[in-house]
Amino acid sequence: MLDQLNTLKEKALCELNELTEVTQLPEWHRQYLSKKGELTQFLKQLGQLSAEERPAVGKAANEVKQALKEHFDAYQENLQEAKLNQALESDEIDISLPGRRYHRGRLHISTQMLRRINEIFSQMGFQVYDAPEVESDEYNFQLLNIPAYHPARDMWDTFWINDQVVLRTHTSPGQIRAMKEYYPKPIRVILPGKVYRYEQITPRSEHQFYQVEGLAVGHNIKMTDLIGVMAEFAHKLYGSTRKIRIRGSYFPFTEPSIEIDMDCILCKGNGCRVCKHTGWLEVGGAGMVHPVVLKNGGYDPDEWSGFAFGLGVERPAMLKHGINDIRSFYSNDLDFLQQF
Ligand code: FA5
C-alpha cells in the first residue's frame with residue numbers, strides 16, 4: 001500500500017507541474033484532495049489493513065496529503081503571480097507617468113448671480129426664505145388676489161400639474177407662506193428660486209428661470225423704503241453711478257404697482273440695441289403689498305403695510321456679462337459656462 005501511495009503522490013505532482021493556468025487548478029484539487037478525491041478514497045481502504053500495518057500507512061498517507069496541499073498552495077501562488085506579471089506587461093502600465101488632471105467644477109452663472117443678489121439683500125437685513133416650486137392654485141393665484149377666471153391670470157402662462165396644482169409661475173406665492181409663518185412679527189425676507197412658464201423660448205425668455213422675490217412687512221413701511229432698497233440693490237450690483245427710474249405698472253398683488261428701470265449699463269442711457277434705444281433697462285416689478293394679500297397672510301392692513309418686489313436673475317446676469325441669448329444658460333455648453 002505504501003507503494004500505491006507513492007505512485008499516487010508522483011502522479012499527482014507530475015500532473016500538477018503540467019498545469020499552466022490558474023483556472024485548471026480546481027479540477028486537480030477535486031481529483032486528488034477533495035472528499036471524493038483519490039487520496040481520500042485511498043485513506044478509506046486503511047480499515048482493511050491489519051492493526052500493525054495501519055499506523056505506518058496512515059501516517060504516510062497524511063504526510064502525502066500534507067505534501068500535496070503544500071505543493072498545491074505554492075503552485076497556485078506561482079501561477080497567480082505569473083498571471084499578474086503577464087497582465088502588467090501586456091497592459092503596459094507606466095506607474096511613473098503623471099496622473100490625469102481633473103477639471104475643476106465651478107458654480108453655474110445663475111448660481112453665482114443668485115448668491116451675489118442674496119449677499120446684497122442680506123447686507124440690508126433680508127433673510128432667505130425657501131418656498132416650494134410645486135404650488136397650489138390657491139397660493140400661486142387666489143391668495144395673491146387673482147381669483148379663478150380673473151383676466152390677470154393671462155399675465156402668467158402656466159404649467160398645470162392638474163386642476164389645482166401648478167409649477168409656480170413666480171416666487172410671489174412664497175409671500176403668503178412667509179406671512180403665515182411669521183405672523184405677527186415684522187418681516188424682511190427674500191425668496192430666491194426657480195419659476196416656470198409655459199412660454200415661447202426666445203433669446204430673452206426661457207420657460208424656466210430664477211427669480212428673487214422680496215417682502216418687507218412692518219408698521220410704517222412706505223413706497224420710499226421700496227425705492228431706496230431697489231436703488232441700493234442696483235448700485236451694489238451694477239455700480240454706484242446707476243440711476244433708477246420708476247414707472248407705474250399693474251400687478252394684482254400690489255397697490256400701487258411699479259416697474260423699476262435703471263439707466264442702461266452699456267450705453268449709459270444714450271440708447272443702444274440692448275436697451276432697445278430707450279436708455280433704460282428693466283430691473284423688476286414691485287409695489288406696496290395689496291391690503292387683500294396682507295389680509296390673506298394674516299396681517300391686518302389697517303395696522304400693517306409692506307412692499308414686495310420680484311427680480312429676474314438671468315436677465316441681470318445677461319446685462320452684467322453682455323450675454324445676448326438666455327438659452328445659453330440651460331444648453332449645457334461647457335465653452336459658454338466655463339467663461340464665468
Ligand atoms: C412677476 O413675476 C411678479 N411676481 C413680480 C412682482 C413681485 C411684482 C412682487 C410685484 C411684487 P414678471 O412677470 O414681470 O413679474 O417677472 C419678474 C421678472 O422675471 C422680470 O423682470 C424678468 O427679469 C424675469 N422674467 C420674466 N419672464 C421671464 C422669462 N420668460 N425668462 C427670463 N426671465 C423672465
# chains A, B, ... in the order shown; residues from 1 in each chain; ligands from 1
call {"tool": "residues_near_ligand", "arguments": {"ligand": "ligand 1", "cutoff": "7 Å", "atoms": "only C-alpha atoms and all ligand atoms", "output": "PyMOL selection string"}}
result
chain A and resi 155-156+169-172+197+199+204-209+211+213-214+251+253-254+257+282-287+308-315
call {"tool": "write_last_selection", "arguments": {"atoms": "C-alpha atoms", "output": "PDB file, in the first residue's frame"}}
result
ATOM      1  CA  MET A 155     -50.040  87.533 -17.277  1.00  0.00           C
ATOM      2  CA  TRP A 156     -48.559  84.128 -16.392  1.00  0.00           C
ATOM      3  CA  THR A 169     -45.128  80.883 -12.299  1.00  0.00           C
ATOM      4  CA  HIS A 170     -43.401  83.335  -9.965  1.00  0.00           C
ATOM      5  CA  THR A 171     -41.886  83.412  -6.480  1.00  0.00           C
ATOM      6  CA  SER A 172     -44.764  85.577  -5.157  1.00  0.00           C
ATOM      7  CA  ARG A 197     -43.774  79.496 -17.513  1.00  0.00           C
ATOM      8  CA  GLU A 199     -43.843  80.401 -22.758  1.00  0.00           C
ATOM      9  CA  ARG A 204     -34.824  86.927 -23.891  1.00  0.00           C
ATOM     10  CA  SER A 205     -37.343  84.428 -22.467  1.00  0.00           C
ATOM     11  CA  GLU A 206     -36.943  80.947 -21.044  1.00  0.00           C
ATOM     12  CA  HIS A 207     -39.674  78.619 -19.806  1.00  0.00           C
ATOM     13  CA  GLN A 208     -37.706  78.071 -16.563  1.00  0.00           C
ATOM     14  CA  PHE A 209     -35.704  80.796 -14.893  1.00  0.00           C
ATOM     15  CA  GLN A 211     -36.489  84.960  -9.614  1.00  0.00           C
ATOM     16  CA  GLU A 213     -38.833  87.844  -4.500  1.00  0.00           C
ATOM     17  CA  GLY A 214     -38.535  90.398  -1.726  1.00  0.00           C
ATOM     18  CA  PHE A 251     -49.783  93.530 -10.509  1.00  0.00           C
ATOM     19  CA  PHE A 253     -50.995  91.609  -5.527  1.00  0.00           C
ATOM     20  CA  THR A 254     -49.520  95.130  -5.155  1.00  0.00           C
ATOM     21  CA  SER A 257     -47.565  98.696  -8.532  1.00  0.00           C
ATOM     22  CA  GLU A 282     -35.946  96.750 -16.617  1.00  0.00           C
ATOM     23  CA  VAL A 283     -34.802  95.626 -13.146  1.00  0.00           C
ATOM     24  CA  GLY A 284     -38.072  94.066 -11.918  1.00  0.00           C
ATOM     25  CA  GLY A 285     -41.662  94.507 -10.811  1.00  0.00           C
ATOM     26  CA  ALA A 286     -42.626  95.772  -7.360  1.00  0.00           C
ATOM     27  CA  GLY A 287     -45.181  97.651  -5.297  1.00  0.00           C
ATOM     28  CA  ALA A 308     -42.744  93.456  -2.357  1.00  0.00           C
ATOM     29  CA  PHE A 309     -40.577  93.102  -5.422  1.00  0.00           C
ATOM     30  CA  GLY A 310     -39.739  90.379  -7.938  1.00  0.00           C
ATOM     31  CA  LEU A 311     -36.440  90.374  -9.812  1.00  0.00           C
ATOM     32  CA  GLY A 312     -35.217  88.156 -12.617  1.00  0.00           C
ATOM     33  CA  VAL A 313     -31.791  86.535 -12.197  1.00  0.00           C
ATOM     34  CA  GLU A 314     -30.746  85.504 -15.696  1.00  0.00           C
ATOM     35  CA  ARG A 315     -31.582  88.861 -17.279  1.00  0.00           C
TER      36      ARG A 315
END
call {"tool": "residues_around", "arguments": {"residues": "segment 41-52 of chain A", "least_positions_apart": "2", "cutoff": "12 Å", "atoms": "only C-alpha atoms", "output": "VMD selection string"}}
result
chain A and resid 1 to 2 4 to 9 31 to 39 54 to 65
call {"tool": "closest_residue", "arguments": {"among": "A:Gly306, A:Val293, A:His150, A:Asp163", "to": "Leu226 of chain A", "atoms": "only C-alpha atoms"}}
result
A:Gly306
call {"tool": "closest_residue", "arguments": {"among": "A:Phe126, A:Ala231, A:Ser90, A:Val134", "to": "Ile161 of chain A", "atoms": "only C-alpha atoms"}}
result
A:Val134
call {"tool": "residues_around", "arguments": {"residues": "Leu337 of chain A", "least_positions_apart": "6", "cutoff": "12 Å", "atoms": "only C-alpha atoms", "output": "compact mmCIF listing (two decimals) with all heavy atoms, in the first residue's frame"}}
result
# COMPACT_ATOMS: atom_id res chain seq x y z
N GLY A 105 -14.64 71.81 -11.05
CA GLY A 105 -16.01 72.26 -11.28
C GLY A 105 -16.12 73.74 -10.93
O GLY A 105 -15.22 74.32 -10.35
N ARG A 106 -17.23 74.34 -11.34
CA ARG A 106 -17.44 75.74 -10.97
C ARG A 106 -18.93 75.98 -10.78
O ARG A 106 -19.74 75.16 -11.22
CB ARG A 106 -16.88 76.67 -12.04
CG ARG A 106 -17.60 76.51 -13.37
CD ARG A 106 -16.94 77.29 -14.49
NE ARG A 106 -15.61 76.78 -14.78
CZ ARG A 106 -14.54 77.57 -14.94
NH1 ARG A 106 -14.65 78.86 -14.85
NH2 ARG A 106 -13.37 77.05 -15.23
N LEU A 107 -19.25 77.07 -10.15
CA LEU A 107 -20.66 77.39 -9.95
C LEU A 107 -21.27 77.89 -11.25
O LEU A 107 -20.64 78.66 -11.98
CB LEU A 107 -20.82 78.45 -8.86
CG LEU A 107 -20.43 78.01 -7.46
CD1 LEU A 107 -20.55 79.18 -6.49
CD2 LEU A 107 -21.30 76.85 -7.00
N HIS A 108 -22.49 77.45 -11.52
CA HIS A 108 -23.21 77.91 -12.70
C HIS A 108 -23.41 79.42 -12.60
O HIS A 108 -23.55 79.96 -11.49
CB HIS A 108 -24.55 77.18 -12.76
CG HIS A 108 -25.29 77.39 -14.04
ND1 HIS A 108 -26.06 78.50 -14.28
CD2 HIS A 108 -25.37 76.62 -15.15
CE1 HIS A 108 -26.58 78.41 -15.49
NE2 HIS A 108 -26.18 77.27 -16.04
N ILE A 109 -23.43 80.08 -13.73
CA ILE A 109 -23.55 81.54 -13.73
C ILE A 109 -24.81 82.01 -13.00
O ILE A 109 -24.79 83.02 -12.31
CB ILE A 109 -23.47 82.08 -15.19
CG1 ILE A 109 -23.71 83.56 -15.20
CG2 ILE A 109 -24.40 81.37 -16.12
CD1 ILE A 109 -23.57 84.20 -16.55
N SER A 110 -25.93 81.24 -13.12
CA SER A 110 -27.17 81.63 -12.40
C SER A 110 -26.94 81.54 -10.90
O SER A 110 -27.41 82.41 -10.13
CB SER A 110 -28.34 80.71 -12.76
OG SER A 110 -28.59 80.77 -14.12
N THR A 111 -26.23 80.49 -10.46
CA THR A 111 -25.96 80.33 -9.03
C THR A 111 -25.08 81.48 -8.52
O THR A 111 -25.31 82.02 -7.43
CB THR A 111 -25.25 78.98 -8.77
OG1 THR A 111 -25.96 77.97 -9.46
CG2 THR A 111 -25.18 78.66 -7.30
N GLN A 112 -24.08 81.84 -9.33
CA GLN A 112 -23.21 82.95 -8.93
C GLN A 112 -24.03 84.23 -8.75
O GLN A 112 -23.86 84.98 -7.78
CB GLN A 112 -22.13 83.19 -9.98
CG GLN A 112 -21.10 82.09 -10.07
CD GLN A 112 -20.07 82.40 -11.14
OE1 GLN A 112 -19.72 83.54 -11.40
NE2 GLN A 112 -19.57 81.35 -11.79
N HIS A 321 -22.79 90.51 -17.95
CA HIS A 321 -21.73 89.85 -18.70
C HIS A 321 -21.85 90.03 -20.22
O HIS A 321 -21.10 89.41 -20.99
CB HIS A 321 -21.73 88.35 -18.39
CG HIS A 321 -21.46 88.05 -16.94
ND1 HIS A 321 -20.23 88.25 -16.36
CD2 HIS A 321 -22.26 87.58 -15.95
CE1 HIS A 321 -20.29 87.91 -15.07
NE2 HIS A 321 -21.51 87.50 -14.81
N ILE A 323 -24.27 88.96 -22.24
CA ILE A 323 -24.75 87.73 -22.90
C ILE A 323 -26.01 88.08 -23.70
O ILE A 323 -26.91 88.74 -23.16
CB ILE A 323 -25.10 86.65 -21.84
CG1 ILE A 323 -23.87 86.32 -21.01
CG2 ILE A 323 -25.68 85.41 -22.48
CD1 ILE A 323 -24.18 85.63 -19.69
N ARG A 327 -30.89 81.43 -23.76
CA ARG A 327 -30.89 79.97 -23.94
C ARG A 327 -29.54 79.35 -23.60
O ARG A 327 -29.45 78.17 -23.29
CB ARG A 327 -31.29 79.61 -25.38
CG ARG A 327 -32.76 79.90 -25.64
CD ARG A 327 -33.11 79.79 -27.09
NE ARG A 327 -32.49 80.85 -27.88
CZ ARG A 327 -32.82 81.12 -29.14
NH1 ARG A 327 -33.73 80.42 -29.76
NH2 ARG A 327 -32.22 82.10 -29.79
N SER A 328 -28.47 80.16 -23.63
CA SER A 328 -27.14 79.64 -23.29
C SER A 328 -27.09 79.13 -21.85
O SER A 328 -26.31 78.24 -21.53
CB SER A 328 -26.08 80.73 -23.43
OG SER A 328 -26.25 81.44 -24.60
N PHE A 329 -27.94 79.68 -20.98
CA PHE A 329 -27.89 79.30 -19.56
C PHE A 329 -28.22 77.83 -19.35
O PHE A 329 -27.73 77.21 -18.42
CB PHE A 329 -28.89 80.14 -18.74
CG PHE A 329 -28.43 81.54 -18.48
CD1 PHE A 329 -28.41 82.48 -19.48
CD2 PHE A 329 -28.00 81.91 -17.22
CE1 PHE A 329 -27.98 83.78 -19.25
CE2 PHE A 329 -27.56 83.20 -16.96
CZ PHE A 329 -27.56 84.12 -17.98
N TYR A 330 -29.10 77.29 -20.21
CA TYR A 330 -29.56 75.92 -19.98
C TYR A 330 -29.17 74.95 -21.08
O TYR A 330 -29.69 73.85 -21.15
CB TYR A 330 -31.08 75.92 -19.77
CG TYR A 330 -31.45 76.69 -18.54
CD1 TYR A 330 -31.94 77.98 -18.62
CD2 TYR A 330 -31.25 76.13 -17.28
CE1 TYR A 330 -32.24 78.70 -17.47
CE2 TYR A 330 -31.53 76.84 -16.13
CZ TYR A 330 -32.03 78.12 -16.23
OH TYR A 330 -32.31 78.82 -15.09
N SER A 331 -28.25 75.37 -21.97
CA SER A 331 -27.89 74.47 -23.06
C SER A 331 -26.72 73.56 -22.70
O SER A 331 -26.31 72.72 -23.48
CB SER A 331 -27.55 75.29 -24.31
OG SER A 331 -26.45 76.11 -24.01
call {"tool": "atom_distance", "arguments": {"atom1": "atom CA of Trp280 of chain A", "atom2": "atom CA of Val212 of chain A"}}
result
20.7 Å
call {"tool": "select_by_dssp", "arguments": {"residues": "segment 189-334 of chain A", "states": "strand (DSSP E or B)", "output": "ChimeraX atom specification"}}
result
/A:189-196,208-218,244-251,254-263,280-289,305-312
call {"tool": "select_by_dssp", "arguments": {"residues": "segment 96-226 of chain A", "states": "alpha helix (DSSP H)", "output": "PyMOL selection string"}}
result
chain A and resi 109-123+137-140+173-182+223-226
call {"tool": "closest_residue", "arguments": {"among": "A:Pro252, A:Gly298, A:Gly218, A:Pro147", "to": "Tyr183 of chain A", "atoms": "only C-alpha atoms"}}
result
A:Gly298
call {"tool": "atom_distance", "arguments": {"atom1": "atom CA of Asp130 of chain A", "atom2": "atom CA of Met262 of chain A"}}
result
27.8 Å
call {"tool": "atom_distance", "arguments": {"atom1": "atom CA of Gln80 of chain A", "atom2": "atom CA of Thr20 of chain A"}}
result
10.3 Å
call {"tool": "residues_around", "arguments": {"residues": "Met124 of chain A", "least_positions_apart": "2", "cutoff": "10 Å", "atoms": "only C-alpha atoms", "output": "list of chain:residue names"}}
result
A:Asn118, A:Glu119, A:Ile120, A:Phe121, A:Ser122, A:Phe126, A:Gln127, A:Arg188, A:Val229, A:Glu232, A:Phe233
call {"tool": "write_last_selection", "arguments": {"atoms": "N, CA and C atoms", "output": "PDB file, in the first residue's frame"}}
result
ATOM      1  N   ASN A 118     -28.349  87.464  -3.173  1.00  0.00           N
ATOM      2  CA  ASN A 118     -28.608  87.122  -1.756  1.00  0.00           C
ATOM      3  C   ASN A 118     -27.711  87.939  -0.836  1.00  0.00           C
ATOM      4  N   GLU A 119     -26.443  88.058  -1.245  1.00  0.00           N
ATOM      5  CA  GLU A 119     -25.466  88.767  -0.412  1.00  0.00           C
ATOM      6  C   GLU A 119     -25.855  90.243  -0.251  1.00  0.00           C
ATOM      7  N   ILE A 120     -26.247  90.852  -1.395  1.00  0.00           N
ATOM      8  CA  ILE A 120     -26.600  92.278  -1.351  1.00  0.00           C
ATOM      9  C   ILE A 120     -27.791  92.505  -0.415  1.00  0.00           C
ATOM     10  N   PHE A 121     -28.821  91.630  -0.549  1.00  0.00           N
ATOM     11  CA  PHE A 121     -30.005  91.829   0.303  1.00  0.00           C
ATOM     12  C   PHE A 121     -29.732  91.450   1.758  1.00  0.00           C
ATOM     13  N   SER A 122     -28.850  90.480   1.968  1.00  0.00           N
ATOM     14  CA  SER A 122     -28.574  90.121   3.368  1.00  0.00           C
ATOM     15  C   SER A 122     -27.865  91.280   4.068  1.00  0.00           C
ATOM     16  N   PHE A 126     -32.174  91.400   4.941  1.00  0.00           N
ATOM     17  CA  PHE A 126     -33.176  90.433   4.476  1.00  0.00           C
ATOM     18  C   PHE A 126     -32.678  89.001   4.741  1.00  0.00           C
ATOM     19  N   GLN A 127     -33.606  88.157   5.220  1.00  0.00           N
ATOM     20  CA  GLN A 127     -33.273  86.744   5.410  1.00  0.00           C
ATOM     21  C   GLN A 127     -33.774  85.949   4.221  1.00  0.00           C
ATOM     22  N   ARG A 188     -38.816  90.709   6.909  1.00  0.00           N
ATOM     23  CA  ARG A 188     -37.909  91.228   5.871  1.00  0.00           C
ATOM     24  C   ARG A 188     -37.205  90.020   5.255  1.00  0.00           C
ATOM     25  N   VAL A 229     -34.494 100.676  -1.309  1.00  0.00           N
ATOM     26  CA  VAL A 229     -33.905  99.325  -1.338  1.00  0.00           C
ATOM     27  C   VAL A 229     -33.528  98.949  -2.779  1.00  0.00           C
ATOM     28  N   GLU A 232     -30.397 100.896  -3.854  1.00  0.00           N
ATOM     29  CA  GLU A 232     -29.206 100.331  -3.211  1.00  0.00           C
ATOM     30  C   GLU A 232     -28.789  99.030  -3.918  1.00  0.00           C
ATOM     31  N   PHE A 233     -29.815  98.224  -4.261  1.00  0.00           N
ATOM     32  CA  PHE A 233     -29.539  96.962  -4.945  1.00  0.00           C
ATOM     33  C   PHE A 233     -28.840  97.226  -6.295  1.00  0.00           C
TER      34      PHE A 233
END
call {"tool": "closest_residue", "arguments": {"among": "A:Pro256, A:Pro291, A:Gly125, A:Gly271", "to": "Ile187 of chain A", "atoms": "only C-alpha atoms"}}
result
A:Gly125
